[in-house]
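> This is the structure I have questions about; it appears just below.
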Amino acid sequence: MVRYLKRGMDAVDVKAADTKVKSTVETIISSVEAEGDQAIRELSQRFDNWAPESFRLSEAEIYDAIAKVAKEDLEDIKFAQTQVRNFAEKQRASLVDVEVETLPGVFLGHRHIPVNSVGCYVPGGRYPMVASAHMSIVTASVAGVKRIIGCAPPFKGGPHPAIVAAMHFGGATEIYVLGGVQAVAAMAIGTESIAPVDMIVGPGNAYVAEAKRQLFGRIGIDLLAGPTETLVIADETSDAEICATDLLGQAEHGPNSPAILLTTSQKLAADTMEEIDRLLAILPTADSARKSWTDYGEVIVCDSIDEMLLEADRIASEHVQVMTSAPDYFLHNLTNYGALFLGARTNVAFGDKVIGTNHTLPTKKAARYTGGLWVGKFLKTCTFQRIATNEASALIGEYCSRLSLLEGFAGHAEQANVRVRRYGGQNVGYAQPALSMRRKTLE
């Protein structure tokens, strides 16, 4: 039986907050659509106190920003990007074009075609999320995207040097210092100075996620990556210090980041809650982490590992960290998660910053139907067909004609019939019943 030692915010209150976000985003998108550059300038001034002559950085401004980054920081950025690039290249290599002869003379296939242009949003309001540039821009570059926009809000009155460096070394072809909904809208809709893109990717706060949701269809998106979520699954083999540290390490993202402990140990649950209180007294980011833990944190005690599995699949968390005696049980049986971290030696921060897997992941139960951002998100898998012989065209045509008439599509049937008549040779008679049926249907 599942027992809650701590529950998060009531679902009604969460929905009310989401409704407010939706209305605000609608207004901003409408403004950008109607007024273009003027709107993004006014919005950027209002929200970020930032209205430069041009939001796009020149080549000189890019190199000036990079020059402000410490040598060790640049080396760390390049190390992280190497890990992300290496894994993305392995993923890309697993996606092969296909062409197969399914019947004599009938060739079917598909090609993986990169999206032509992508806007990569890099959050930078509360924290300058340098790693997000690796995850989106490097991965898009490996996929073969030709035009890659990097877009991040200003930080302390200007471009954040490390974010600019990460965007540049990652392969961005254009870099803009512009944040929030106005940045997402500008990239999706286009303005006088920003050409629109085909797809927008990257994490963000609730407003950025809602902007992507409202603009989806007009442009493609990776997924709706809202506030960070983390689920720690632990048993008596784990300890309170590491559980509490890993929960608060993600709760510090913002005041609405769910952090959940799922355990079979009543003692571990109680000890972890006590340890969280201790850490909140000394953690530099305690203001954010405390509110997030108070409003969205949960502690759930289960009777068995099977019950933990069912609860974890129900929760469908963005990050799932497993610290039990049998972590591979969850690897082989858990189905709803964004990314899985197995064993105490790894943790969500490794995935967020450097290990090589992508940190843009599904939230709000979207893990039930999608995985996270990866090189395949930037590729369109497009099919093609080729018929190489007259006999094959006539054979497929006969079936197509009859099946089209079964559905009442006379025009479709005639597309098939003309091929049967032209390429069928001695088999031309097979097309006559279909033609006769078509004429009766038309009469």
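Starting from 1 in every chain, residues are counted up; chains themselves are A, B, ... following the order of the structure tokens, and ligands are numbered from 1 as listed.
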Check range 17-226 of chain A with DSSP on the backbone and list each residue it calls helix (DSSP H, G or I), as a count of residues only.
107
> Excluding same-chain residues fewer than 6 positions from range 224-237 of chain A, what lies within 8 Å of it counting only C-alpha atoms, as number ranges by chain?
A: 202-206, 208-210, 212-213, 243, 246-247, 250-251, 253-254, 256-265, 268, 308, 312, 317-325, 360-364, 366
> Please report as a tab-separated table every residue of range 172-286 of chain A lying within 12 Å of range 140-144 of chain A, along with the nearest atom pair and their distance in Å (one decimal), using only C-alpha atoms.

residue	atom	partner	partner_atom	distance
A:Ala172	CA	A:Ser141	CA	8.0
A:Thr173	CA	A:Ser141	CA	9.9
A:Met199	CA	A:Ala140	CA	10.8
A:Ile200	CA	A:Ala140	CA	10.9
A:Val201	CA	A:Ala140	CA	9.6
A:Gly202	CA	A:Ala140	CA	11.1
A:Asp222	CA	A:Ala140	CA	11.3
> Using only C-alpha atoms, which of A:Leu248, A:Val138, A:Val2, A:Ala289 sits nearest Leu309 in chain A?
A:Val2
> Might you pull out every residue within 8 Å of Gly424 in chain A, with only C-alpha atoms counted and same-chain residues fewer than 5 positions away left off, and present them as a VMD selection string?
chain A and resid 390 to 391 393 to 395 419
> Please produce a file of the residues just selected, as a compact mmCIF listing (two decimals), in the first residue's frame, where the atoms kept are C-alpha atoms.

# COMPACT_ATOMS: atom_id res chain seq x y z
CA ASN A 390 6.42 -2.55 -66.10
CA GLU A 391 5.28 -5.81 -64.57
CA SER A 393 3.67 -1.28 -61.87
CA ALA A 394 0.83 -3.29 -63.40
CA LEU A 395 0.71 -5.74 -60.48
CA ARG A 419 -0.60 2.33 -65.25
> Which of these, A:Ser94, A:Arg345, A:Ala60, A:Gly158, has the shortest distance to Ser44 in chain A once you count only C-alpha atoms?
A:Gly158
> Excluding same-chain residues fewer than 5 positions from range 181-188 of chain A, what lies within 6 Å of it counting only C-alpha atoms, as a PyMOL selection string?
chain A and resi 29+40+196-197+208+211
> Rank nothing, just name the residue among A:Met1, A:Val375, A:Ala34, A:Ala244 nearest to Asp306 in chain A, using only C-alpha atoms.
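Of the candidates, the smallest distance to Asp306 in chain A is held by A:Met1.
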> Among range 104-221 of chain A, which residues carry a DSSP assignment of strand (DSSP E), reported as a VMD selection string?
chain A and resid 106 to 114 117 to 121 147 to 152 174 to 177 199 to 201 220 to 221
> Quick one: residues within 8 Å of Phe384 in chain A, only C-alpha atoms, excluding same-chain residues fewer than 5 positions away - as an MDAnalysis selection string?
chainID A and resid 108:111
> Output C-alpha atoms for every residue in the selection just made, as a CSV table (one decimal), in the first residue's frame.

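Contents of out.csv, as written:
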chain,number,residue,atom,x,y,z
A,108,LEU,CA,10.8,1.3,-50.9
A,109,GLY,CA,13.0,3.3,-48.7
A,110,HIS,CA,13.5,6.2,-46.3
A,111,ARG,CA,16.0,9.0,-45.8
> Using only C-alpha atoms, can you tell me which of A:Thr370, A:Thr357, A:Gln45, A:Asn347 comes closest to Asn86 in chain A?
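Of A:Thr370, A:Thr357, A:Gln45, A:Asn347, the one nearest Asn86 in chain A, counting only C-alpha atoms, is A:Thr357.
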> Nearest to Glu33 in chain A among A:Gly338, A:Gly249, A:Gly376, A:Gly190, with distances taken over only C-alpha atoms: which residue is it?
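Between A:Gly338, A:Gly249, A:Gly376, A:Gly190, the residue approaching Glu33 in chain A most closely is A:Gly190.
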> I'd like the neighbourhood of Asp295 in chain A as a list in words, where a residue qualifies if any of its atoms comes within 6 Å (using only C-alpha atoms), though same-chain residues fewer than 2 positions away should be ignored.
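Contacts, with the query itself left out: Gly8, Met9, Lys291, Ser292 and Trp293 of chain A.
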> Output the selection as a PDB file, in the first residue's frame - all heavy atoms for each residue.

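Once written, out-v7.pdb looks like this:
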ATOM      1  N   GLY A   8       2.732  17.145  -2.334  1.00  0.00           N
ATOM      2  CA  GLY A   8       2.997  18.422  -2.972  1.00  0.00           C
ATOM      3  C   GLY A   8       1.741  19.267  -3.077  1.00  0.00           C
ATOM      4  O   GLY A   8       0.684  18.938  -2.518  1.00  0.00           O
ATOM      5  N   MET A   9       1.842  20.339  -3.828  1.00  0.00           N
ATOM      6  CA  MET A   9       0.747  21.282  -3.991  1.00  0.00           C
ATOM      7  C   MET A   9      -0.479  20.602  -4.593  1.00  0.00           C
ATOM      8  O   MET A   9      -0.379  19.712  -5.429  1.00  0.00           O
ATOM      9  CB  MET A   9       1.195  22.431  -4.903  1.00  0.00           C
ATOM     10  CG  MET A   9       0.161  23.535  -5.085  1.00  0.00           C
ATOM     11  SD  MET A   9       0.736  24.836  -6.216  1.00  0.00           S
ATOM     12  CE  MET A   9       1.987  25.611  -5.198  1.00  0.00           C
ATOM     13  N   LYS A 291      11.234  26.534  -1.227  1.00  0.00           N
ATOM     14  CA  LYS A 291       9.877  26.735  -1.743  1.00  0.00           C
ATOM     15  C   LYS A 291       9.455  25.575  -2.631  1.00  0.00           C
ATOM     16  O   LYS A 291       8.323  25.087  -2.554  1.00  0.00           O
ATOM     17  CB  LYS A 291       9.777  28.054  -2.509  1.00  0.00           C
ATOM     18  CG  LYS A 291       8.376  28.332  -3.031  1.00  0.00           C
ATOM     19  CD  LYS A 291       8.192  29.750  -3.473  1.00  0.00           C
ATOM     20  CE  LYS A 291       6.796  29.996  -4.041  1.00  0.00           C
ATOM     21  NZ  LYS A 291       5.719  29.586  -3.118  1.00  0.00           N
ATOM     22  N   SER A 292      10.372  25.127  -3.469  1.00  0.00           N
ATOM     23  CA  SER A 292      10.072  24.001  -4.343  1.00  0.00           C
ATOM     24  C   SER A 292       9.757  22.753  -3.519  1.00  0.00           C
ATOM     25  O   SER A 292       8.787  22.040  -3.787  1.00  0.00           O
ATOM     26  CB  SER A 292      11.249  23.741  -5.283  1.00  0.00           C
ATOM     27  OG  SER A 292      10.977  22.662  -6.133  1.00  0.00           O
ATOM     28  N   TRP A 293      10.567  22.490  -2.504  1.00  0.00           N
ATOM     29  CA  TRP A 293      10.355  21.313  -1.670  1.00  0.00           C
ATOM     30  C   TRP A 293       9.057  21.437  -0.873  1.00  0.00           C
ATOM     31  O   TRP A 293       8.281  20.478  -0.765  1.00  0.00           O
ATOM     32  CB  TRP A 293      11.537  21.111  -0.721  1.00  0.00           C
ATOM     33  CG  TRP A 293      11.350  19.981   0.234  1.00  0.00           C
ATOM     34  CD1 TRP A 293      11.181  20.050   1.583  1.00  0.00           C
ATOM     35  CD2 TRP A 293      11.287  18.591  -0.106  1.00  0.00           C
ATOM     36  NE1 TRP A 293      11.027  18.797   2.120  1.00  0.00           N
ATOM     37  CE2 TRP A 293      11.095  17.876   1.109  1.00  0.00           C
ATOM     38  CE3 TRP A 293      11.393  17.873  -1.294  1.00  0.00           C
ATOM     39  CZ2 TRP A 293      10.992  16.485   1.151  1.00  0.00           C
ATOM     40  CZ3 TRP A 293      11.287  16.488  -1.253  1.00  0.00           C
ATOM     41  CH2 TRP A 293      11.082  15.814  -0.051  1.00  0.00           C
TER      42      TRP A 293
END
> Have a look at CA of Leu331 in chain A and CA of Gly343 in chain A and let me know their distance in Å, one decimal.
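CA of Gly343 in chain A lies 10.9 Å from CA of Leu331 in chain A.
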> Could you state the separation of CA of Ile242 in chain A and CA of Gly356 in chain A in Å, given to one decimal place?
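Calculated distance between CA of Ile242 in chain A and CA of Gly356 in chain A is 22.5 Å.
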